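Listing of model_29.cif, mmCIF, C-alpha atoms
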data_work
#
loop_
_atom_site.label_atom_id
_atom_site.label_comp_id
_atom_site.auth_asym_id
_atom_site.auth_seq_id
_atom_site.Cartn_x
_atom_site.Cartn_y
_atom_site.Cartn_z
CA MET A 53 -1.98 -22.60 6.49
CA PRO A 54 -3.83 -23.18 3.18
CA VAL A 55 -4.23 -20.24 0.86
CA SER A 56 -7.76 -19.11 0.03
CA PHE A 57 -7.87 -17.61 -3.45
CA PRO A 58 -10.19 -14.65 -4.09
CA PRO A 59 -13.06 -15.38 -6.52
CA TYR A 60 -12.14 -12.48 -8.82
CA MET A 61 -8.85 -14.08 -9.88
CA LYS A 62 -8.75 -15.52 -13.37
CA ARG A 63 -6.08 -18.19 -13.45
CA GLU A 64 -5.32 -17.74 -17.14
CA GLU A 65 -4.23 -14.16 -16.59
CA HIS A 66 -0.75 -13.44 -15.34
CA ILE A 67 -0.22 -9.98 -13.93
CA ARG A 68 3.45 -9.00 -13.69
CA VAL A 69 3.91 -8.28 -9.99
CA GLY A 70 7.09 -6.41 -9.06
CA ILE A 71 8.25 -6.89 -5.47
CA SER A 72 10.78 -4.63 -3.74
CA ILE A 73 12.53 -6.64 -1.04
CA GLY A 74 12.68 -4.02 1.71
CA ASP A 75 15.15 -4.23 4.61
CA LEU A 76 17.01 -7.53 4.28
CA ASN A 77 17.75 -7.62 8.02
CA GLY A 78 14.00 -7.64 8.68
CA ILE A 79 11.16 -10.02 7.91
CA GLY A 80 10.56 -8.87 4.32
CA SER A 81 12.34 -11.75 2.60
CA GLU A 82 10.62 -14.24 4.89
CA VAL A 83 7.06 -13.05 4.24
CA VAL A 84 7.73 -12.75 0.50
CA LEU A 85 9.12 -16.27 0.11
CA LYS A 86 6.52 -17.80 2.44
CA THR A 87 3.79 -16.24 0.31
CA PHE A 88 4.95 -18.27 -2.67
CA GLU A 89 5.44 -21.54 -0.77
CA ASP A 90 2.03 -22.48 -2.11
CA THR A 91 2.94 -22.70 -5.79
CA ARG A 92 -0.68 -22.04 -6.77
CA MET A 93 0.21 -18.39 -6.26
CA LEU A 94 2.28 -18.68 -9.42
CA GLU A 95 -0.91 -19.50 -11.32
CA LEU A 96 -2.26 -16.04 -10.45
CA CYS A 97 0.68 -13.83 -11.34
CA THR A 98 4.26 -13.64 -12.57
CA PRO A 99 6.28 -12.36 -9.60
CA ILE A 100 9.56 -10.50 -10.04
CA ILE A 101 11.55 -9.81 -6.86
CA PHE A 102 13.98 -6.90 -7.18
CA ALA A 103 17.00 -8.11 -5.18
CA ASN A 104 19.74 -10.68 -5.81
CA VAL A 105 19.20 -14.41 -6.15
CA LYS A 106 22.33 -15.35 -4.15
CA THR A 107 21.32 -13.03 -1.32
CA LEU A 108 17.84 -14.55 -1.07
CA ASN A 109 19.16 -18.11 -1.28
CA HIS A 110 21.43 -17.28 1.66
CA LEU A 111 18.65 -15.73 3.77
CA ARG A 112 16.13 -18.49 3.15
CA LYS A 113 18.26 -20.95 5.15
CA SER A 114 16.92 -19.31 8.31
CA PHE A 115 13.28 -20.19 7.67
CA ASP A 116 11.12 -22.80 6.01
CA SER A 117 11.24 -22.09 2.29
CA THR A 118 11.52 -24.65 -0.47
CA VAL A 119 10.27 -22.63 -3.43
CA ALA A 120 12.85 -22.47 -6.24
CA LEU A 121 14.25 -19.05 -7.17
CA HIS A 122 14.84 -18.17 -10.81
CA GLY A 123 17.57 -15.57 -11.22
CA ILE A 124 17.29 -13.09 -14.09
CA ASP A 125 19.22 -10.02 -15.25
CA HIS A 126 16.37 -8.22 -17.01
CA VAL A 127 12.64 -8.05 -16.40
CA SER A 128 11.99 -9.37 -19.92
CA GLN A 129 13.60 -12.68 -18.86
CA ALA A 130 10.92 -13.37 -16.25
CA ILE A 131 9.22 -16.73 -16.75
CA THR A 132 5.59 -17.43 -15.92
CA GLY A 133 5.29 -20.16 -13.30
CA LYS A 134 8.63 -19.23 -11.68
CA LEU A 135 9.53 -17.06 -8.69
CA ASN A 136 11.79 -14.67 -10.57
CA VAL A 137 14.54 -12.70 -8.83
CA LEU A 138 15.99 -9.76 -10.76
CA ASN A 139 19.64 -9.21 -9.85
CA VAL A 140 19.65 -5.53 -8.91
CA TRP A 141 23.09 -5.75 -7.29
CA ARG A 142 26.06 -8.10 -7.52
CA GLU A 143 28.30 -7.00 -4.66
CA PRO A 144 28.39 -9.02 -1.43
CA PHE A 145 27.63 -7.33 1.91
CA THR A 146 27.08 -8.42 5.49
CA LEU A 147 23.60 -9.24 6.74
CA GLN A 148 22.61 -9.63 10.39
CA TRP A 149 19.03 -10.37 11.40
CA GLY A 150 17.45 -7.54 13.39
CA GLU A 151 20.29 -5.04 12.90
CA ASN A 152 19.66 -1.44 11.79
CA ASP A 153 22.32 -1.12 9.09
CA PRO A 154 22.65 1.82 6.64
CA VAL A 155 24.34 -0.44 4.05
CA VAL A 156 21.34 -2.74 4.10
CA GLY A 157 19.12 0.35 3.94
CA GLN A 158 20.81 1.47 0.73
CA HIS A 159 20.19 -1.93 -0.84
CA ALA A 160 16.53 -1.59 0.12
CA VAL A 161 16.54 1.72 -1.75
CA LYS A 162 18.23 0.11 -4.79
CA SER A 163 15.51 -2.54 -4.88
CA PHE A 164 12.70 0.00 -4.50
CA VAL A 165 14.02 2.53 -7.04
CA ALA A 166 14.62 -0.20 -9.63
CA ALA A 167 11.11 -1.55 -9.10
CA VAL A 168 9.56 1.91 -9.44
CA ASP A 169 11.49 2.47 -12.68
CA ALA A 170 10.11 -0.80 -14.01
CA LEU A 171 6.61 0.26 -12.96
CA LYS A 172 6.97 3.62 -14.71
CA ASN A 173 8.18 1.89 -17.88
CA ASP A 174 5.30 -0.65 -17.87
CA GLU A 175 7.74 -3.54 -17.42
CA ILE A 176 5.64 -4.63 -14.45
CA ASP A 177 1.90 -4.13 -13.92
CA VAL A 178 1.79 -3.56 -10.16
CA LEU A 179 4.25 -3.07 -7.31
CA VAL A 180 4.15 -4.67 -3.86
CA THR A 181 6.73 -3.33 -1.42
CA ALA A 182 8.21 -5.20 1.55
CA PRO A 183 8.85 -3.07 4.68
CA ILE A 184 11.78 -0.64 4.90
CA ASN A 185 13.41 1.09 7.84
CA LYS A 186 12.72 4.80 7.41
CA TYR A 187 15.90 5.78 9.27
CA ASN A 188 18.56 3.76 7.48
CA ILE A 189 17.33 4.50 3.95
CA GLN A 190 18.27 8.18 4.25
CA SER A 191 21.17 9.47 2.11
CA ASP A 192 22.12 12.45 -0.05
CA GLU A 193 20.48 10.67 -3.00
CA PHE A 194 17.34 9.48 -1.19
CA ARG A 195 15.68 11.76 1.36
CA PHE A 196 12.10 10.64 1.74
CA PRO A 197 10.13 9.66 4.88
CA GLY A 198 9.01 6.47 3.16
CA HIS A 199 7.73 4.73 0.05
CA THR A 200 4.69 6.97 -0.47
CA ASP A 201 6.58 10.26 -0.72
CA TYR A 202 8.96 8.90 -3.36
CA LEU A 203 6.09 7.40 -5.36
CA ASP A 204 4.27 10.74 -5.22
CA GLN A 205 7.31 12.38 -6.80
CA GLU A 206 7.95 9.75 -9.46
CA LEU A 207 4.44 8.80 -10.58
CA GLU A 208 1.51 10.75 -11.99
CA GLY A 209 -1.28 11.70 -9.61
CA ASP A 210 -1.63 12.72 -5.97
CA ALA A 211 -0.59 9.99 -3.54
CA LEU A 212 -2.83 9.22 -0.58
CA MET A 213 -2.26 6.51 2.05
CA LEU A 214 -5.31 4.25 2.20
CA MET A 215 -5.33 1.36 4.66
CA VAL A 216 -7.54 -1.51 3.50
CA HIS A 217 -8.95 -4.63 5.12
CA GLY A 218 -12.05 -6.04 3.48
CA ASN A 219 -14.66 -3.28 3.47
CA LEU A 220 -12.73 -1.20 6.01
CA ARG A 221 -10.80 1.57 4.24
CA VAL A 222 -9.08 4.34 6.18
CA GLY A 223 -7.45 7.31 4.45
CA LEU A 224 -5.56 10.30 5.82
CA LEU A 225 -5.73 14.04 5.25
CA THR A 226 -2.17 14.30 6.58
CA ASP A 227 0.22 11.36 6.97
CA HIS A 228 3.83 11.75 8.11
CA VAL A 229 3.27 15.16 9.69
CA PRO A 230 4.16 15.99 13.34
CA VAL A 231 1.02 16.32 15.47
CA ASN A 232 1.77 19.95 16.34
CA GLU A 233 1.74 20.82 12.63
CA VAL A 234 -1.45 19.00 11.58
CA ALA A 235 -3.86 21.92 12.07
CA GLY A 236 -1.70 24.18 9.89
CA HIS A 237 -1.91 21.71 7.02
CA LEU A 238 -5.72 21.54 6.97
CA THR A 239 -6.60 23.91 4.15
CA GLU A 240 -9.67 23.84 1.93
CA ALA A 241 -7.49 22.91 -1.04
CA LEU A 242 -5.95 19.94 0.78
CA ILE A 243 -9.23 18.64 2.17
CA ARG A 244 -10.96 18.94 -1.19
CA LYS A 245 -8.09 17.19 -3.02
CA LYS A 246 -7.89 14.29 -0.57
CA ILE A 247 -11.65 13.66 -0.52
CA GLU A 248 -11.88 13.80 -4.29
CA THR A 249 -8.95 11.37 -4.52
CA VAL A 250 -10.68 8.93 -2.17
CA LYS A 251 -13.96 9.23 -4.08
CA HIS A 252 -12.25 8.54 -7.42
CA THR A 253 -10.30 5.65 -5.89
CA LEU A 254 -13.41 4.00 -4.51
CA THR A 255 -15.11 4.29 -7.90
CA ARG A 256 -12.21 3.25 -10.15
CA ASP A 257 -10.18 0.91 -7.95
CA PHE A 258 -12.90 -0.69 -5.79
CA SER A 259 -15.86 -0.60 -8.22
CA ILE A 260 -18.14 1.33 -5.83
CA SER A 261 -20.46 3.44 -7.98
CA ARG A 262 -21.68 5.95 -5.37
CA PRO A 263 -19.30 5.85 -2.43
CA ARG A 264 -20.14 7.15 1.05
CA ILE A 265 -17.21 8.83 2.83
CA ALA A 266 -16.92 9.77 6.51
CA VAL A 267 -14.46 12.38 7.79
CA LEU A 268 -13.22 12.46 11.39
CA GLY A 269 -12.86 15.72 13.28
CA LEU A 270 -9.48 17.08 14.30
CA ASN A 271 -10.29 18.04 17.90
CA PRO A 272 -11.83 16.03 20.75
CA HIS A 273 -15.60 15.72 20.18
CA ALA A 274 -15.01 17.39 16.77
CA GLY A 275 -14.48 20.66 18.64
CA ASP A 276 -17.77 20.63 20.58
CA GLY A 277 -19.12 23.54 18.54
CA GLY A 278 -15.87 25.48 18.82
CA VAL A 279 -15.37 25.04 22.58
CA ILE A 280 -12.41 22.65 22.06
CA GLY A 281 -10.73 24.13 19.00
CA THR A 282 -12.23 25.91 16.03
CA GLU A 283 -10.76 23.97 13.07
CA ASP A 284 -13.71 21.59 12.75
CA GLU A 285 -16.29 24.39 12.61
CA GLU A 286 -14.28 26.89 10.59
CA ILE A 287 -12.37 24.66 8.16
CA LEU A 288 -13.69 21.11 7.92
CA LYS A 289 -17.48 21.65 8.06
CA PRO A 290 -17.65 24.33 5.33
CA VAL A 291 -15.57 22.27 2.89
CA LEU A 292 -17.56 19.11 3.52
CA LYS A 293 -20.81 21.01 2.94
CA LYS A 294 -19.56 22.39 -0.38
CA LEU A 295 -18.53 18.94 -1.54
CA PHE A 296 -21.81 17.38 -0.41
CA ASP A 297 -23.86 20.06 -2.14
CA ALA A 298 -21.85 19.38 -5.32
CA GLY A 299 -22.78 15.68 -5.25
CA THR A 300 -20.08 13.95 -3.20
CA MET A 301 -21.54 11.72 -0.49
CA VAL A 302 -19.25 12.96 2.28
CA PHE A 303 -20.29 13.21 5.92
CA GLY A 304 -18.85 14.68 9.13
CA PRO A 305 -16.76 15.76 10.80
CA PHE A 306 -17.45 13.02 13.33
CA PRO A 307 -15.97 12.80 16.85
CA ALA A 308 -13.17 10.26 16.47
CA ASP A 309 -13.20 8.70 19.94
CA GLY A 310 -16.26 6.48 19.56
CA PHE A 311 -16.50 6.23 15.78
CA PHE A 312 -14.84 2.83 15.44
CA GLY A 313 -15.81 1.33 18.77
CA SER A 314 -19.50 1.93 18.05
CA GLY A 315 -19.27 0.29 14.64
CA GLN A 316 -20.27 3.54 12.94
CA TYR A 317 -17.52 3.04 10.37
CA GLU A 318 -19.43 0.10 8.89
CA LYS A 319 -21.94 2.52 7.33
CA TYR A 320 -19.30 4.05 5.04
CA ASP A 321 -17.13 2.90 2.16
CA ALA A 322 -14.16 4.86 3.47
CA VAL A 323 -13.19 6.84 6.55
CA ILE A 324 -10.80 9.79 6.32
CA ALA A 325 -8.83 10.69 9.44
CA THR A 326 -7.24 14.09 9.89
CA TYR A 327 -3.86 12.73 11.02
CA HIS A 328 -1.81 9.54 11.04
CA ASP A 329 -2.46 7.92 14.42
CA GLN A 330 -6.12 8.96 14.51
CA GLY A 331 -6.72 6.64 11.57
CA LEU A 332 -4.05 3.97 11.90
CA VAL A 333 -4.47 3.13 15.59
CA PRO A 334 -8.09 1.94 15.19
CA PHE A 335 -7.34 0.38 11.80
CA LYS A 336 -4.47 -1.72 13.11
CA THR A 337 -6.43 -2.60 16.23
CA LEU A 338 -9.19 -4.02 14.05
CA SER A 339 -7.08 -5.69 11.38
CA PHE A 340 -3.40 -5.91 12.32
CA GLY A 341 -1.53 -8.56 10.38
CA HIS A 342 -4.17 -8.72 7.65
CA GLY A 343 -4.42 -5.10 6.51
CA VAL A 344 -2.87 -3.53 3.42
CA ASN A 345 -1.31 -0.13 2.84
CA TYR A 346 -2.51 1.01 -0.59
CA THR A 347 -1.13 4.14 -2.25
CA ALA A 348 -4.28 5.59 -3.76
CA GLY A 349 -4.48 8.44 -6.25
CA LEU A 350 -1.62 7.42 -8.54
CA ALA A 351 -1.62 6.30 -12.16
CA LYS A 352 0.18 3.11 -11.10
CA ILE A 353 -0.69 0.51 -8.46
CA ARG A 354 1.34 -0.02 -5.28
CA THR A 355 0.47 -1.94 -2.14
CA SER A 356 2.37 -2.97 0.98
CA PRO A 357 1.72 -5.04 4.13
CA ASP A 358 0.50 -3.12 7.17
CA HIS A 359 3.50 -4.02 9.36
CA GLY A 360 7.11 -2.87 9.62
CA THR A 361 10.49 -4.58 9.37
CA GLY A 362 9.90 -6.76 12.44
CA PHE A 363 13.53 -6.65 13.58
CA ASP A 364 12.56 -8.34 16.87
CA ILE A 365 11.42 -11.54 15.12
CA ALA A 366 13.63 -11.45 12.01
CA GLY A 367 15.30 -14.75 11.16
CA LYS A 368 13.24 -16.72 13.72
CA ASN A 369 10.88 -18.32 11.20
CA VAL A 370 7.79 -16.93 12.94
CA ALA A 371 6.80 -14.06 10.62
CA ASP A 372 3.22 -14.27 9.32
CA PRO A 373 2.94 -13.68 5.56
CA SER A 374 -0.83 -12.96 5.70
CA SER A 375 -0.56 -9.18 5.28
CA PHE A 376 1.92 -9.46 2.41
CA ARG A 377 -0.32 -12.00 0.70
CA GLU A 378 -3.30 -9.68 1.12
CA ALA A 379 -1.22 -6.84 -0.37
CA LEU A 380 -0.52 -9.05 -3.39
CA TYR A 381 -4.20 -9.91 -3.77
CA LEU A 382 -5.29 -6.28 -3.47
CA ALA A 383 -2.78 -5.12 -6.10
CA MET A 384 -4.17 -7.67 -8.56
CA ASP A 385 -7.75 -6.87 -7.59
CA VAL A 386 -7.23 -3.15 -8.23
CA PHE A 387 -5.55 -3.98 -11.55
CA HIS A 388 -8.66 -5.87 -12.67
CA SER A 389 -10.98 -3.16 -11.36
CA ARG A 390 -9.10 -0.49 -13.30
CA GLU A 391 -9.32 -2.55 -16.48
CA GLN A 392 -13.08 -2.87 -16.02
CA TYR A 393 -13.40 0.85 -15.22
CA ALA A 394 -11.46 1.78 -18.38
CA GLU A 395 -13.67 -0.48 -20.46
CA ILE A 396 -16.88 0.96 -18.98
CA SER A 397 -15.57 4.51 -19.45
CA LYS A 398 -15.00 3.82 -23.14
CA LYS A 399 -18.54 2.50 -23.56
CA PRO A 400 -20.78 4.32 -21.06
CA LEU A 401 -24.43 3.36 -20.85
CA LYS A 402 -26.64 5.67 -22.85
CA VAL A 403 -29.57 7.13 -20.95
CA LYS A 404 -32.67 7.58 -23.09
#
Structure re-expressed in structure tokens:
Amino acid sequence: MPVSFPPYMKREEHIRVGISIGDLNGIGSEVVLKTFEDTRMLELCTPIIFANVKTLNHLRKSFDSTVALHGIDHVSQAITGKLNVLNVWREPFTLQWGENDPVVGQHAVKSFVAAVDALKNDEIDVLVTAPINKYNIQSDEFRFPGHTDYLDQELEGDALMLMVHGNLRVGLLTDHVPVNEVAGHLTEALIRKKIETVKHTLTRDFSISRPRIAVLGLNPHAGDGGVIGTEDEEILKPVLKKLFDAGTMVFGPFPADGFFGSGQYEKYDAVIATYHDQGLVPFKTLSFGHGVNYTAGLAKIRTSPDHGTGFDIAGKNVADPSSFREALYLAMDVFHSREQYAEISKKPLKVK
């Protein structure tokens, strides 16, 4: 499938894109290497995969990949025009497609932690993460539900999961929280912080000057005036009104059941769901395989494909790299948008 390059890309610029390899028993290595099969991708960025060059050369035998790998031992050795692989580990270990293996999980963590360190130290400009298995990454040294929680700890800002596909952007008030605990997390402070994060993200990272934000209600029919739960009337509505009166174009809470099916989401620059599945089920229904998971609200840029490890198809040469490629594009797009935002902020227009 030919690659269509976004119009915003300037070929003379080479953004240093760090890539954490994810679970090596899954489809991460396949979608990463397939993304760079079209060598024109190397004209857009300088990729650095945090893994091991021998490991990737071994895995690539299972799927169509002819792109040459350039092994390096330090980020500073990365060469523009090459698919660089930083050797994060040296030790051999057993790999088996589709297997849930804690040893492989720990190597996924090594890749991710090393990439985040490089991001913090400005050795790379953006980070794109391949999928991990949230179960096998757990250890005494690493106890996080996923990428986002670790990034929130290590980087400046307040992390917020924002799913992106074209003009469809879905954020969450709560993410990896059990459903029976969601209502208890919905405080004025949390709602205000998340909405302000989304507003700033849309302005700085997506170049939308006056964003319109919709918020979905927690209860069926947004509570039906308090008949089906009181959280929408007593918590959500008052906070949204305060924010709107202060100048934020935020609307809702809207009943979630028909919001996407009716196309109502198309009127807004972002939609904020109250809990994980309320937002991600419709998002993935509309854009699965092409969406991007963007960690908004942080000082650094991180994106990821919208799918998981794909253990059921790992090693079968059928994984679609589209979502990973879109994650790469979005990371570079946000990088450019932030540069423009910083420049405009330095030289604001003077109103006479």
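Nearest residue to Ser374 in chain A, choosing from A:Asp358, A:Asp321, A:Asp75, A:Glu283 and counting only C-alpha atoms: A:Asp358.
Of the residues listed (A:Ala379, A:Val386, A:Leu224, A:Ile73), A:Val386 shows the shortest atom-to-atom separation from Thr255 in chain A; distances use only C-alpha atoms.
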Using only C-alpha atoms, what residues lie at most 9 Å away from (-3.6, -7.1, 6.2) (file coordinates), given as an NGL selection string?
:A and (215-218 or 336 or 339-345 or 356-359 or 374-379)
Determine the residue set returned by the PyMOL selection byres ((chain A and resi 129) around 12) for the present structure, and present it as JSON, numbers by chain.
{"A": [68, 98, 99, 100, 122, 123, 124, 125, 126, 127, 128, 130, 131, 132, 134, 135, 136, 137, 138, 139, 175]}
Enumerate, as number ranges by chain, the protein, DNA and RNA residues whose atoms approach (16.0, -1.6, 9.5) to within 7 Å, taking into account all atoms listed in the file and the coordinate frame of the file.
A: 75, 77-78, 151-153, 157, 184-185, 188, 361, 363
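Counting from CA of Gly349 in chain A, the distance to CA of Val250 in chain A is 7.4 Å.
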Give as a ChimeraX atom specification the residues that the PyMOL selection byres ((chain A and resi 329) around 12) matches when applied to the coordinates above.
/A:222-231,234,270,308,324-328,330-337
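Evaluated against this file, the PyMOL selection byres ((chain A and resi 258) around 9) yields A:Thr253, A:Leu254, A:Thr255, A:Arg256, A:Asp257, A:Ser259, A:Ile260, A:Ser261, A:Asp385, A:Val386, A:Ser389, A:Arg390.
The closest residue to Trp141 in chain A, picked from A:Val323, A:Asn104, A:Asp276, A:Thr91 and counting all atoms listed in the file, is A:Asn104.
Excluding Glu285 in chain A and any residue on its chain fewer than 3 positions from it, the residues at most 12 Å away by all atoms listed in the file are Gly269, Leu270, Asn271, His273, Ala274, Gly275, Asp276, Gly277, Gly278, Val279, Ile280, Gly281, Thr282, Leu288, Lys289, Pro290, Val291, Leu292, Lys293, Gly304, Pro305 and Phe306 of chain A.
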Surrounding residues of Phe196 in chain A excluding itself and chain neighbours under 5 positions, 10 Å, only C-alpha atoms, as JSON, numbers by chain
{"A": [186, 187, 189, 190, 191, 201, 202, 203, 205]}
Could the residues in this selection be saved with C-alpha atoms as a PDB file, in the frame of the given file?
ATOM      1  CA  LYS A 186      12.720   4.800   7.410  1.00  0.00           C
ATOM      2  CA  TYR A 187      15.900   5.780   9.270  1.00  0.00           C
ATOM      3  CA  ILE A 189      17.330   4.500   3.950  1.00  0.00           C
ATOM      4  CA  GLN A 190      18.270   8.180   4.250  1.00  0.00           C
ATOM      5  CA  SER A 191      21.170   9.470   2.110  1.00  0.00           C
ATOM      6  CA  ASP A 201       6.580  10.260  -0.720  1.00  0.00           C
ATOM      7  CA  TYR A 202       8.960   8.900  -3.360  1.00  0.00           C
ATOM      8  CA  LEU A 203       6.090   7.400  -5.360  1.00  0.00           C
ATOM      9  CA  GLN A 205       7.310  12.380  -6.800  1.00  0.00           C
TER      10      GLN A 205
END
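Pairwise distance (CA of Ala166 in chain A, CA of Gly70 in chain A) equals 9.8 Å.
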Could you tell me how far CA of Val105 in chain A sits from CA of Ser163 in chain A, in Å to one decimal place?
12.5 Å
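Distances from A:Ala366, A:Gly315, A:Ile287, A:Lys251 to Gly236 in chain A were compared using all atoms listed in the file, and the smallest one belongs to A:Ile287.
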Selection near Val119 in chain A, 9 Å with only C-alpha atoms, sequence-local residues under 5 positions removed, as a CSV table (one decimal) with C-alpha atoms, in the frame of the given file:
chain,number,residue,atom,x,y,z
A,85,LEU,CA,9.1,-16.3,0.1
A,86,LYS,CA,6.5,-17.8,2.4
A,88,PHE,CA,5.0,-18.3,-2.7
A,89,GLU,CA,5.4,-21.5,-0.8
A,90,ASP,CA,2.0,-22.5,-2.1
A,91,THR,CA,2.9,-22.7,-5.8
A,135,LEU,CA,9.5,-17.1,-8.7
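Neighbouring residues of Glu95 in chain A at 7 Å or closer, counting all atoms listed in the file and skipping chain neighbours under 2 positions away, are Arg63, Arg92, Met93, Cys97 and Gly133 of chain A.
Candidate residues A:Thr107, A:Trp149, A:Leu171, A:Leu96 were compared for distance to Leu207 in chain A, and the nearest is A:Leu171, using all atoms listed in the file.
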With distances taken over all atoms listed in the file, which of A:His66, A:Pro197, A:Lys106, A:Asp116 is nearest to Thr87 in chain A?
A:Asp116
Missing atoms in range 348-364 of chain A: fill them in up to N, CA, C and O atoms and send the result as a PDB file, in the coordinates of the input.
ATOM      1  N   ALA A 348      -3.206   5.174  -2.863  1.00  0.00           N
ATOM      2  CA  ALA A 348      -4.280   5.590  -3.760  1.00  0.00           C
ATOM      3  C   ALA A 348      -3.896   6.869  -4.498  1.00  0.00           C
ATOM      4  O   ALA A 348      -2.963   7.572  -4.113  1.00  0.00           O
ATOM      5  N   GLY A 349      -4.624   7.161  -5.561  1.00  0.00           N
ATOM      6  CA  GLY A 349      -4.480   8.440  -6.250  1.00  0.00           C
ATOM      7  C   GLY A 349      -3.420   8.492  -7.326  1.00  0.00           C
ATOM      8  O   GLY A 349      -3.261   9.537  -7.979  1.00  0.00           O
ATOM      9  N   LEU A 350      -2.687   7.412  -7.544  1.00  0.00           N
ATOM     10  CA  LEU A 350      -1.620   7.420  -8.540  1.00  0.00           C
ATOM     11  C   LEU A 350      -2.042   6.669  -9.806  1.00  0.00           C
ATOM     12  O   LEU A 350      -2.936   5.830  -9.790  1.00  0.00           O
ATOM     13  N   ALA A 351      -1.330   6.964 -10.888  1.00  0.00           N
ATOM     14  CA  ALA A 351      -1.620   6.300 -12.160  1.00  0.00           C
ATOM     15  C   ALA A 351      -1.208   4.837 -12.134  1.00  0.00           C
ATOM     16  O   ALA A 351      -1.696   4.034 -12.925  1.00  0.00           O
ATOM     17  N   LYS A 352      -0.298   4.488 -11.230  1.00  0.00           N
ATOM     18  CA  LYS A 352       0.180   3.110 -11.100  1.00  0.00           C
ATOM     19  C   LYS A 352      -0.254   2.536  -9.750  1.00  0.00           C
ATOM     20  O   LYS A 352      -0.612   3.260  -8.831  1.00  0.00           O
ATOM     21  N   ILE A 353      -0.166   1.213  -9.631  1.00  0.00           N
ATOM     22  CA  ILE A 353      -0.690   0.510  -8.460  1.00  0.00           C
ATOM     23  C   ILE A 353       0.447   0.048  -7.559  1.00  0.00           C
ATOM     24  O   ILE A 353       1.361  -0.660  -8.002  1.00  0.00           O
ATOM     25  N   ARG A 354       0.373   0.443  -6.274  1.00  0.00           N
ATOM     26  CA  ARG A 354       1.340  -0.020  -5.280  1.00  0.00           C
ATOM     27  C   ARG A 354       0.635  -0.374  -3.982  1.00  0.00           C
ATOM     28  O   ARG A 354      -0.200   0.375  -3.484  1.00  0.00           O
ATOM     29  N   THR A 355       0.977  -1.529  -3.434  1.00  0.00           N
ATOM     30  CA  THR A 355       0.470  -1.940  -2.140  1.00  0.00           C
ATOM     31  C   THR A 355       1.636  -2.402  -1.267  1.00  0.00           C
ATOM     32  O   THR A 355       2.749  -2.637  -1.749  1.00  0.00           O
ATOM     33  N   SER A 356       1.350  -2.547   0.030  1.00  0.00           N
ATOM     34  CA  SER A 356       2.370  -2.970   0.980  1.00  0.00           C
ATOM     35  C   SER A 356       1.667  -3.602   2.178  1.00  0.00           C
ATOM     36  O   SER A 356       0.511  -3.262   2.464  1.00  0.00           O
ATOM     37  N   PRO A 357       2.333  -4.516   2.897  1.00  0.00           N
ATOM     38  CA  PRO A 357       1.720  -5.040   4.130  1.00  0.00           C
ATOM     39  C   PRO A 357       1.603  -3.935   5.173  1.00  0.00           C
ATOM     40  O   PRO A 357       2.258  -2.893   5.078  1.00  0.00           O
ATOM     41  N   ASP A 358       0.772  -4.171   6.183  1.00  0.00           N
ATOM     42  CA  ASP A 358       0.500  -3.120   7.170  1.00  0.00           C
ATOM     43  C   ASP A 358       1.469  -3.138   8.352  1.00  0.00           C
ATOM     44  O   ASP A 358       1.268  -2.439   9.338  1.00  0.00           O
ATOM     45  N   HIS A 359       2.550  -3.935   8.253  1.00  0.00           N
ATOM     46  CA  HIS A 359       3.500  -4.020   9.360  1.00  0.00           C
ATOM     47  C   HIS A 359       4.868  -3.492   8.921  1.00  0.00           C
ATOM     48  O   HIS A 359       5.104  -3.213   7.740  1.00  0.00           O
ATOM     49  N   GLY A 360       5.776  -3.373   9.893  1.00  0.00           N
ATOM     50  CA  GLY A 360       7.110  -2.870   9.620  1.00  0.00           C
ATOM     51  C   GLY A 360       8.121  -3.985   9.411  1.00  0.00           C
ATOM     52  O   GLY A 360       7.766  -5.114   9.058  1.00  0.00           O
ATOM     53  N   THR A 361       9.391  -3.655   9.658  1.00  0.00           N
ATOM     54  CA  THR A 361      10.490  -4.580   9.370  1.00  0.00           C
ATOM     55  C   THR A 361      10.547  -5.768  10.331  1.00  0.00           C
ATOM     56  O   THR A 361      11.162  -6.790  10.010  1.00  0.00           O
ATOM     57  N   GLY A 362       9.936  -5.643  11.489  1.00  0.00           N
ATOM     58  CA  GLY A 362       9.900  -6.760  12.440  1.00  0.00           C
ATOM     59  C   GLY A 362      11.286  -7.227  12.868  1.00  0.00           C
ATOM     60  O   GLY A 362      11.540  -8.438  12.946  1.00  0.00           O
ATOM     61  N   PHE A 363      12.173  -6.286  13.178  1.00  0.00           N
ATOM     62  CA  PHE A 363      13.530  -6.650  13.580  1.00  0.00           C
ATOM     63  C   PHE A 363      13.545  -7.622  14.760  1.00  0.00           C
ATOM     64  O   PHE A 363      14.434  -8.467  14.881  1.00  0.00           O
ATOM     65  N   ASP A 364      12.559  -7.505  15.660  1.00  0.00           N
ATOM     66  CA  ASP A 364      12.560  -8.340  16.870  1.00  0.00           C
ATOM     67  C   ASP A 364      12.300  -9.815  16.579  1.00  0.00           C
ATOM     68  O   ASP A 364      12.665 -10.689  17.389  1.00  0.00           O
TER      69      ASP A 364
END
